[in-house]
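S.K.: I am sharing start_2.tsv, which consists of TSV, C-alpha atoms:
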```tsv
chain	number	residue	atom	x	y	z
A	13	MET	CA	-13.64	-52.03	21.46
A	14	ARG	CA	-16.48	-50.45	19.50
A	15	PRO	CA	-15.46	-49.46	15.97
A	16	GLN	CA	-15.37	-45.70	15.48
A	17	PRO	CA	-17.71	-44.23	12.85
A	18	ARG	CA	-15.79	-43.03	9.81
A	19	LEU	CA	-17.56	-39.70	9.53
A	20	ILE	CA	-18.38	-37.42	12.42
A	21	GLU	CA	-20.62	-34.41	12.08
A	22	VAL	CA	-19.18	-31.13	13.29
A	23	ARG	CA	-20.95	-28.09	11.79
A	24	LYS	CA	-18.69	-25.24	12.81
A	25	ASN	CA	-18.38	-21.85	11.24
A	26	VAL	CA	-14.75	-21.33	10.29
A	27	LEU	CA	-14.93	-17.61	11.06
A	28	LYS	CA	-16.67	-18.15	14.39
A	29	GLN	CA	-13.76	-16.67	16.31
A	30	ASN	CA	-13.97	-13.47	14.26
A	31	ASP	CA	-17.75	-13.34	14.56
A	32	VAL	CA	-17.59	-13.71	18.35
A	33	VAL	CA	-15.14	-10.81	18.64
A	34	ALA	CA	-17.19	-8.73	16.16
A	35	ARG	CA	-20.35	-9.30	18.19
A	36	ALA	CA	-18.60	-8.21	21.38
A	37	LEU	CA	-17.31	-5.09	19.62
A	38	ARG	CA	-20.77	-4.25	18.30
A	39	GLN	CA	-22.25	-4.56	21.79
A	40	ARG	CA	-19.55	-2.36	23.20
A	41	PHE	CA	-20.03	0.28	20.48
A	42	HIS	CA	-23.78	0.29	20.91
A	43	GLY	CA	-23.44	0.45	24.67
A	44	SER	CA	-21.52	3.69	24.31
A	45	GLY	CA	-23.77	5.02	21.53
A	46	VAL	CA	-21.15	5.04	18.78
A	47	PHE	CA	-22.21	4.50	15.18
A	48	VAL	CA	-19.50	2.56	13.36
A	49	VAL	CA	-18.92	2.75	9.63
A	50	SER	CA	-16.41	0.56	7.81
A	51	LEU	CA	-15.04	1.56	4.42
A	52	VAL	CA	-14.04	-0.85	1.70
A	53	SER	CA	-12.75	-0.08	-1.78
A	54	SER	CA	-9.97	-0.88	-4.20
A	55	PRO	CA	-6.58	0.76	-3.70
A	56	GLY	CA	-6.54	4.26	-5.15
A	57	SER	CA	-10.27	4.86	-5.21
A	58	GLY	CA	-9.89	7.74	-2.81
A	59	LYS	CA	-10.86	6.23	0.55
A	60	THR	CA	-8.52	8.45	2.50
A	61	ALA	CA	-9.57	11.67	0.74
A	62	PHE	CA	-13.19	10.65	1.21
A	63	LEU	CA	-12.62	9.91	4.88
A	64	GLU	CA	-10.72	13.15	5.38
A	65	ARG	CA	-13.66	15.07	3.94
A	66	THR	CA	-16.14	13.05	5.99
A	67	LEU	CA	-14.29	13.65	9.27
A	68	ALA	CA	-13.82	17.34	8.59
A	69	SER	CA	-17.48	17.80	7.59
A	70	LEU	CA	-18.88	15.94	10.58
A	71	ARG	CA	-16.53	17.42	13.14
A	72	PRO	CA	-18.28	20.68	13.88
A	73	ARG	CA	-21.40	18.77	14.97
A	74	TYR	CA	-20.14	15.36	16.01
A	75	ARG	CA	-17.35	13.66	17.87
A	76	VAL	CA	-15.59	11.52	15.28
A	77	ALA	CA	-12.53	9.26	15.09
A	78	ALA	CA	-11.00	6.84	12.62
A	79	LEU	CA	-9.03	3.62	12.54
A	80	VAL	CA	-7.18	3.09	9.29
A	81	GLY	CA	-5.85	-0.20	8.03
A	82	ASP	CA	-2.92	-0.50	5.67
A	83	LEU	CA	-0.27	-3.09	4.92
A	84	ALA	CA	2.47	-0.59	5.73
A	85	THR	CA	3.22	3.10	6.36
A	86	GLU	CA	1.44	5.55	8.60
A	87	ASN	CA	0.83	8.02	5.76
A	88	ASP	CA	-2.95	7.72	5.86
A	89	ALA	CA	-3.14	8.38	9.59
A	90	GLN	CA	-0.93	11.43	9.15
A	91	ARG	CA	-3.14	12.73	6.33
A	92	LEU	CA	-6.30	12.13	8.31
A	93	ALA	CA	-4.88	13.78	11.41
A	94	ARG	CA	-5.17	17.06	9.49
A	95	SER	CA	-8.91	16.84	10.09
A	96	GLN	CA	-8.11	17.23	13.85
A	97	ALA	CA	-10.02	14.04	14.62
A	98	PRO	CA	-8.34	11.27	16.64
A	99	VAL	CA	-6.88	8.78	14.17
A	100	LYS	CA	-5.09	5.51	14.70
A	101	GLN	CA	-3.29	3.44	12.10
A	102	ILE	CA	-3.51	-0.35	12.06
A	103	THR	CA	-0.63	-1.77	10.05
A	104	THR	CA	-1.51	-5.28	9.00
A	105	GLY	CA	1.93	-6.33	7.71
A	106	THR	CA	1.18	-8.76	4.93
A	107	LEU	CA	-2.49	-9.26	5.71
A	108	CYS	CA	-4.86	-8.06	3.02
A	109	HIS	CA	-7.83	-7.24	5.24
A	110	LEU	CA	-8.78	-6.24	8.76
A	111	GLU	CA	-10.18	-8.73	11.24
A	112	ALA	CA	-12.28	-8.02	14.30
A	113	ALA	CA	-9.42	-8.90	16.66
A	114	MET	CA	-7.24	-6.20	15.07
A	115	VAL	CA	-9.90	-3.61	15.72
A	116	GLN	CA	-10.22	-4.87	19.25
A	117	SER	CA	-6.51	-4.65	19.98
A	118	ALA	CA	-6.25	-1.23	18.30
A	119	LEU	CA	-8.89	0.00	20.73
A	120	GLU	CA	-7.09	-1.43	23.75
A	121	ASN	CA	-4.41	1.21	23.96
A	122	TRP	CA	-6.18	4.08	22.30
A	123	ASP	CA	-8.70	6.36	23.90
A	124	PRO	CA	-10.32	8.77	21.45
A	125	GLY	CA	-12.79	9.85	24.16
A	126	PRO	CA	-16.57	9.67	23.85
A	127	LEU	CA	-17.65	9.38	20.22
A	128	ASP	CA	-20.61	9.72	17.90
A	129	PHE	CA	-18.99	8.15	14.86
A	130	LEU	CA	-16.08	5.78	14.46
A	131	PHE	CA	-14.85	5.09	10.93
A	132	ILE	CA	-12.82	2.01	10.13
A	133	GLU	CA	-10.94	2.21	6.85
A	134	ASN	CA	-10.18	-1.29	5.62
A	135	VAL	CA	-7.14	-2.23	3.55
A	136	GLY	CA	-7.68	-1.32	-0.11
A	137	ASN	CA	-9.03	-4.60	-1.44
A	138	LEU	CA	-12.39	-5.60	-2.89
A	139	VAL	CA	-12.06	-9.31	-2.22
A	140	CYS	CA	-10.89	-10.37	1.22
A	141	PRO	CA	-12.61	-7.85	3.53
A	142	SER	CA	-16.01	-9.23	2.51
A	143	SER	CA	-15.71	-12.26	4.79
A	144	TYR	CA	-14.88	-10.41	8.00
A	145	ASP	CA	-17.41	-8.74	10.26
A	146	LEU	CA	-15.70	-5.91	12.15
A	147	GLY	CA	-18.60	-5.08	14.44
A	148	GLU	CA	-19.63	-2.16	12.24
A	149	ASP	CA	-23.19	-0.85	11.84
A	150	LEU	CA	-22.71	0.09	8.25
A	151	ARG	CA	-20.39	-1.24	5.59
A	152	LEU	CA	-19.75	1.37	2.95
A	153	VAL	CA	-18.29	0.39	-0.41
A	154	LEU	CA	-16.59	3.17	-2.29
A	155	ILE	CA	-15.93	3.29	-6.03
A	156	SER	CA	-14.54	6.12	-8.06
A	157	VAL	CA	-15.63	7.17	-11.53
A	158	THR	CA	-12.16	6.40	-12.87
A	159	GLU	CA	-12.52	2.69	-12.08
A	160	GLY	CA	-15.22	1.92	-14.62
A	161	GLU	CA	-18.92	1.23	-14.28
A	162	ASP	CA	-18.57	-2.54	-14.14
A	163	LYS	CA	-16.70	-2.76	-10.79
A	164	PRO	CA	-19.83	-4.11	-9.04
A	165	LEU	CA	-20.11	-6.95	-11.57
A	166	LYS	CA	-16.45	-7.83	-11.13
A	167	TYR	CA	-16.67	-7.90	-7.33
A	168	PRO	CA	-20.29	-8.87	-6.61
A	169	THR	CA	-19.51	-10.47	-3.25
A	170	ILE	CA	-18.22	-7.33	-1.57
A	171	PHE	CA	-20.96	-5.18	-3.08
A	172	ASN	CA	-23.54	-7.65	-1.88
A	173	SER	CA	-22.07	-7.63	1.62
A	174	ALA	CA	-22.16	-3.81	1.80
A	175	ASP	CA	-25.02	-1.68	3.11
A	176	VAL	CA	-24.45	1.47	1.15
A	177	ALA	CA	-22.38	2.52	-1.87
A	178	VAL	CA	-20.65	5.79	-2.62
A	179	VAL	CA	-19.47	6.80	-6.07
A	180	THR	CA	-16.71	9.35	-5.67
A	181	LYS	CA	-14.49	11.59	-7.80
A	182	MET	CA	-17.63	12.88	-9.55
A	183	ASP	CA	-15.63	16.00	-10.47
A	184	LEU	CA	-13.80	13.75	-12.97
A	185	ALA	CA	-16.96	12.13	-14.36
A	186	ALA	CA	-17.08	14.10	-17.60
A	187	ALA	CA	-13.36	13.69	-18.27
A	188	VAL	CA	-13.58	9.89	-18.07
A	189	GLU	CA	-17.05	9.73	-19.71
A	190	PHE	CA	-18.48	8.04	-16.66
A	191	ASN	CA	-21.90	6.52	-17.24
A	192	TRP	CA	-23.83	6.98	-14.00
A	193	GLU	CA	-26.91	5.03	-15.13
A	194	ALA	CA	-24.78	2.00	-16.03
A	195	ALA	CA	-22.90	2.12	-12.73
A	196	TYR	CA	-26.10	2.53	-10.74
A	197	GLY	CA	-27.72	-0.34	-12.66
A	198	ASN	CA	-24.76	-2.62	-11.96
A	199	ILE	CA	-24.84	-1.83	-8.25
A	200	GLN	CA	-28.56	-2.58	-8.14
A	201	ALA	CA	-28.02	-5.86	-10.05
A	202	VAL	CA	-25.70	-7.24	-7.38
A	203	ARG	CA	-27.37	-5.59	-4.38
A	204	PRO	CA	-31.00	-4.73	-5.12
A	205	GLY	CA	-32.27	-1.71	-3.21
A	206	MET	CA	-28.88	-0.47	-2.02
A	207	ARG	CA	-28.69	3.26	-1.35
A	208	VAL	CA	-26.08	4.92	-3.59
A	209	PHE	CA	-24.57	8.37	-3.11
A	210	ARG	CA	-22.54	10.21	-5.73
A	211	LEU	CA	-20.17	12.91	-4.65
A	212	SER	CA	-16.79	14.48	-4.95
A	213	ALA	CA	-14.60	14.40	-1.88
A	214	LYS	CA	-12.45	17.05	-3.52
A	215	THR	CA	-15.10	19.69	-4.26
A	216	GLY	CA	-17.65	18.61	-1.66
A	217	GLU	CA	-20.35	18.31	-4.34
A	218	GLY	CA	-23.08	15.89	-3.28
A	219	ILE	CA	-21.70	15.31	0.20
A	220	ASP	CA	-24.66	16.79	2.10
A	221	ASP	CA	-27.05	13.92	1.31
A	222	TYR	CA	-24.51	11.45	2.54
A	223	LEU	CA	-23.83	13.38	5.76
A	224	GLU	CA	-27.56	13.70	6.35
A	225	PHE	CA	-27.90	9.93	5.91
A	226	LEU	CA	-25.20	9.30	8.53
A	227	SER	CA	-26.89	11.68	10.96
A	228	GLU	CA	-30.19	9.86	10.52
A	229	ARG	CA	-28.56	6.49	11.11
A	230	LEU	CA	-26.90	7.75	14.28
A	231	ALA	CA	-30.22	9.08	15.53
A	232	GLU	CA	-31.84	5.70	14.79
A	233	LEU	CA	-29.16	3.89	16.75
A	234	ARG	CA	-29.56	6.24	19.72
A	235	ARG	CA	-33.35	5.79	19.68
A	236	ALA	CA	-33.00	2.00	19.57
A	237	GLU	CA	-30.49	2.04	22.45
A	238	THR	CA	-32.77	4.27	24.54
A	239	THR	CA	-35.65	1.86	23.96
A	240	ILE	CA	-33.52	-1.09	24.99
A	241	SER	CA	-32.13	0.54	28.12
A	242	SER	CA	-35.53	1.86	29.26
A	243	SER	CA	-37.37	-1.42	28.69
B	12	MET	CA	-5.52	-13.57	-0.72
B	13	HIS	CA	-6.91	-14.42	2.69
B	14	GLU	CA	-7.26	-18.13	1.99
B	15	LEU	CA	-4.18	-19.01	4.05
B	16	SER	CA	-5.65	-17.53	7.20
B	17	ILE	CA	-8.94	-19.31	6.46
B	18	ALA	CA	-7.03	-22.58	5.94
B	19	LEU	CA	-5.17	-22.09	9.23
B	20	SER	CA	-8.50	-21.57	11.01
B	21	ILE	CA	-9.88	-24.77	9.46
B	22	VAL	CA	-6.85	-26.76	10.58
B	23	GLU	CA	-6.99	-25.29	14.07
B	24	LEU	CA	-10.69	-26.05	14.35
B	25	ALA	CA	-10.25	-29.62	13.12
B	26	GLU	CA	-7.25	-30.18	15.38
B	27	GLU	CA	-9.24	-29.11	18.44
B	28	GLU	CA	-12.10	-31.44	17.53
B	29	ALA	CA	-9.73	-34.33	16.90
B	30	GLU	CA	-8.00	-33.81	20.23
B	31	ARG	CA	-11.27	-33.52	22.10
B	32	ARG	CA	-12.57	-36.74	20.58
B	33	GLY	CA	-9.26	-38.60	20.60
B	34	VAL	CA	-9.30	-39.37	16.89
B	35	GLU	CA	-7.04	-38.92	13.91
B	36	ILE	CA	-8.32	-37.05	10.90
B	37	GLU	CA	-8.18	-38.28	7.35
B	38	ALA	CA	-10.29	-35.56	5.73
B	39	VAL	CA	-12.16	-32.39	6.56
B	40	HIS	CA	-15.49	-31.72	4.85
B	41	LEU	CA	-16.22	-28.07	4.21
B	42	LYS	CA	-19.28	-26.28	2.87
B	43	LEU	CA	-18.28	-23.29	0.80
B	44	GLY	CA	-20.88	-20.78	-0.31
B	45	ALA	CA	-20.52	-18.93	-3.61
B	46	LEU	CA	-20.78	-15.68	-1.60
B	47	SER	CA	-18.32	-16.66	1.12
B	48	GLY	CA	-15.61	-14.55	-0.48
B	49	VAL	CA	-13.24	-17.52	-0.50
B	50	VAL	CA	-11.70	-19.00	-3.65
B	51	LYS	CA	-11.81	-22.79	-3.60
B	52	GLU	CA	-8.65	-23.45	-5.60
B	53	ALA	CA	-6.59	-21.07	-3.49
B	54	LEU	CA	-8.03	-22.56	-0.32
B	55	LEU	CA	-7.13	-26.11	-1.39
B	56	SER	CA	-3.49	-25.25	-1.99
B	57	CYS	CA	-3.29	-23.25	1.22
B	58	TYR	CA	-4.80	-26.13	3.17
B	59	GLU	CA	-1.88	-28.37	2.37
B	60	LEU	CA	0.49	-25.68	3.58
B	61	ALA	CA	-1.54	-25.06	6.74
B	62	CYS	CA	-1.47	-28.76	7.64
B	63	GLU	CA	2.32	-28.99	7.61
B	64	GLN	CA	3.78	-30.03	10.94
B	65	THR	CA	0.38	-30.52	12.50
B	66	PRO	CA	-1.43	-33.78	13.26
B	67	LEU	CA	-3.45	-33.08	10.11
B	68	GLN	CA	-0.49	-33.35	7.80
B	69	GLY	CA	-1.45	-35.52	4.83
B	70	SER	CA	-5.18	-35.05	5.40
B	71	ARG	CA	-7.51	-33.89	2.63
B	72	LEU	CA	-9.91	-30.99	2.39
B	73	ILE	CA	-13.16	-31.95	0.68
B	74	VAL	CA	-15.10	-28.91	-0.46
B	75	GLU	CA	-18.79	-28.92	-1.22
B	76	ASP	CA	-19.77	-25.88	-3.31
B	77	VAL	CA	-22.95	-24.28	-2.08
B	78	PRO	CA	-24.85	-22.24	-4.68
B	79	VAL	CA	-26.68	-19.04	-3.77
B	80	MET	CA	-30.40	-19.36	-3.05
B	81	ILE	CA	-32.64	-16.36	-2.69
B	82	PHE	CA	-36.15	-16.01	-1.36
B	83	CYS	CA	-38.38	-14.39	-3.95
B	84	LEU	CA	-41.00	-12.19	-2.31
B	85	HIS	CA	-43.14	-12.26	-5.43
B	86	CYS	CA	-43.13	-16.04	-5.93
B	87	GLN	CA	-42.97	-16.65	-2.15
B	88	ALA	CA	-40.43	-19.36	-2.88
B	89	ARG	CA	-36.74	-20.21	-2.59
B	90	ARG	CA	-35.00	-19.95	-5.93
B	91	PRO	CA	-31.42	-20.67	-7.04
B	92	LEU	CA	-29.58	-17.60	-8.27
B	93	GLN	CA	-28.41	-18.00	-11.86
B	94	SER	CA	-25.48	-15.64	-11.53
B	95	ILE	CA	-23.98	-13.73	-8.64
B	96	GLN	CA	-23.91	-10.75	-10.98
B	97	LEU	CA	-27.68	-10.59	-11.06
B	98	PHE	CA	-29.62	-10.81	-7.82
B	99	SER	CA	-33.09	-11.38	-9.16
B	100	CYS	CA	-35.54	-14.25	-9.30
B	101	PRO	CA	-34.78	-16.57	-12.26
B	102	GLU	CA	-38.53	-17.22	-12.65
B	103	CYS	CA	-40.16	-13.81	-12.44
B	104	GLY	CA	-37.24	-11.38	-12.52
B	105	THR	CA	-38.10	-9.62	-9.26
B	106	PRO	CA	-34.98	-8.13	-7.63
B	107	ALA	CA	-34.06	-10.24	-4.63
B	108	SER	CA	-32.16	-9.06	-1.61
B	109	GLU	CA	-32.96	-11.89	0.75
B	110	ILE	CA	-30.24	-14.50	0.60
B	111	VAL	CA	-31.13	-17.78	2.23
B	112	GLN	CA	-28.06	-19.76	1.26
B	113	GLY	CA	-24.60	-19.17	-0.19
B	114	LYS	CA	-22.54	-17.48	2.52
B	115	GLU	CA	-21.44	-20.73	4.16
B	116	LEU	CA	-17.88	-21.24	5.30
B	117	GLU	CA	-18.44	-24.15	7.55
B	118	VAL	CA	-16.70	-27.36	8.60
B	119	VAL	CA	-19.52	-29.88	8.46
B	120	ALA	CA	-17.82	-33.20	9.15
B	121	LEU	CA	-14.54	-34.91	9.87
B	122	GLU	CA	-13.53	-38.16	8.29
B	123	ILE	CA	-11.52	-40.09	10.79
B	124	LYS	CA	-8.90	-42.76	10.46
B	125	GLU	CA	-10.05	-46.25	11.39
B	126	CYS	CA	-8.55	-47.60	14.60
B	127	ALA	CA	-5.95	-50.34	14.24
B	128	PRO	CA	-7.70	-53.72	14.55
B	129	ASN	CA	-8.05	-54.66	18.17
B	130	PRO	CA	-5.89	-57.75	18.86
B	131	ALA	CA	-8.33	-59.05	21.47
```
Show me this structure written as structure tokens.

M.R.:
Amino acid sequence: MRPQPRLIEVRKNVLKQNDVVARALRQRFHGSGVFVVSLVSSPGSGKTAFLERTLASLRPRYRVAALVGDLATENDAQRLARSQAPVKQITTGTLCHLEAAMVQSALENWDPGPLDFLFIENVGNLVCPSSYDLGEDLRLVLISVTEGEDKPLKYPTIFNSADVAVVTKMDLAAAVEFNWEAAYGNIQAVRPGMRVFRLSAKTGEGIDDYLEFLSERLAELRRAETTISSS
Amino acid sequence: MHELSIALSIVELAEEEAERRGVEIEAVHLKLGALSGVVKEALLSCYELACEQTPLQGSRLIVEDVPVMIFCLHCQARRPLQSIQLFSCPECGTPASEIVQGKELEVVALEIKECAPNPA
């Protein structure tokens, strides 16, 4: 019998399973013309208030829905339902992040109807969600002025994996002596060129630029899909 | 802490390979990028746990740290990043957004147990 070699080469991505599901989701979303935004932030940064404002502001012009991830409780879904948009909660139990398969199974028995935008609110966590592709078009990282300007330096991996950043609770900026230039500089240090919006979900200040940006991205997606389907 | 689910995926992946090839595994070699979002120490302790009551029980996880490399548009060259808190070229200081290495989370090889000496 031939002796077996001691080392065999494998080369396999550990998260391949997740990536395969994420790719299928992305194809499915694009096929139906939905622009998907995922939201990541630390707990308490105001993701739900921000999402509530986003849904309510987009709703007159667009068909919107949201999937919200949390370890437990359906409180966020109940809060978001006030925006009148279809909302579904994903309770992860003890898991600290969402995975593509959870998004997939949440969609299986939920029909929000035809959509323009789908928002996926990840579990409040700036570490674990960075590794998992959810099939989104845009990963949005949210920080609030009360968290300190150095958040990006403390969690460079998630900031680097995001496509756009939003600094929220700007209505509290003066009270906490928030230094916008420092925060902006730190974001650019870990993710050069990233677009950053500053706004207040509470007062609505600064939200128009961000909504305009989303509209443009949706239009881009639709144009790209039209080109693909007509070619 | 998502290292346990990562460790379970590694064990599952290695188990499948071992079964397919009819071998027993002594160690799993993993490439771990500095931007993978996975903490090595946590992964190592979770690995042991994930191996329990599987054919991989008692096997080792050997982690190779992969530093972040960027491509500097100004220098037109690959450069190692000095810190993941500063994405710019260590030579010329140009901000760098193109990452060419450092996101790896990849099983690269399996070390297998030698067969018992053939009596023939």

S.K.: What's the 10 Å shell around Ala61 of chain A, counting all atoms listed in the file, without same-chain residues fewer than 4 positions away, as a list in words?

M.R.: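 Contacts, in chain order: Gly56, Ser57, Arg65, Thr66, Leu67, Asp88, Arg91, Leu92, Thr180, Lys181, Ser212, Ala213 and Lys214 of chain A.
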
S.K.: Find the residues in chain B near chain A: any atom within 9 Å counts, using only C-alpha atoms. Write them as a ChimeraX atom specification.

M.R.: /B:12-14,16-18,20-21,24,28,34,41,45-49,95-99,106-108,114-126,128-129,131

S.K.: Give me, as a ChimeraX atom specification, all polymer residues having an atom no more than 10 Å from Ser156 of chain A, counting all atoms listed in the file and skipping those fewer than 4 positions away in the same chain.

M.R.: /A:53-54,56-59,160-161,163,178-182,184-185,190,210-212

S.K.: Between atom CA of Ala29 of chain B and atom CA of Pro78 of chain B, what is the distance in Å, rounded to a tenth?

M.R.: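 A separation of 29.0 Å between them.
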
S.K.: Mind pulling up the distance from atom CA of Ala78 of chain A to atom CA of Arg35 of chain A?

M.R.: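 Going from atom CA of Arg35 of chain A over to atom CA of Ala78 of chain A covers 19.5 Å.
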
S.K.: Atom CA of Gly218 of chain A to atom CA of Ile102 of chain A: how many Å, to one decimal?

M.R.: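 We find that atom CA of Gly218 of chain A and atom CA of Ile102 of chain A lie 29.7 Å from each other.
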
S.K.: What box, with edges along x, y and z, holds each listed atom of segment 44-61 of chain B when 8 Å is added on every side, and can you state its centre and edge lengths in Å to one decimal, as JSON?

M.R.:
```
{"center_x": -10.2, "center_y": -21.5, "center_z": 0.6, "size_x": 37.4, "size_y": 29.8, "size_z": 28.3}
```

S.K.: Return the single residue from B:Leu43, B:His85, B:Leu54, B:Met80 that is closest to Gln112 of chain B, with distances computed using all atoms listed in the file.

M.R.: B:Met80

S.K.: Would you list the residues near (-25.0, 6.0, -10.6), meaning any protein, DNA or RNA residue with an atom at most 8 Å from that point in file coordinates, counting only C-alpha atoms, as a PyMOL selection string?

M.R.: chain A and resi 179+191-197+208-210

S.K.: Identify the residues around (-1.3, 12.2, 13.3) within a radius of 8 Å, measuring from only C-alpha atoms in the coordinates stated by the file, and give them as JSON, numbers by chain.

M.R.: {"A": [89, 90, 91, 92, 93, 94, 98, 99, 100]}

S.K.: Could you name the residues that touch segment 124-136 of chain A at 7 Å or less, counting all atoms listed in the file, but leaving out those on the same chain fewer than 6 positions away, as number ranges by chain?

M.R.: A: 45-55, 74-82, 98, 108-110
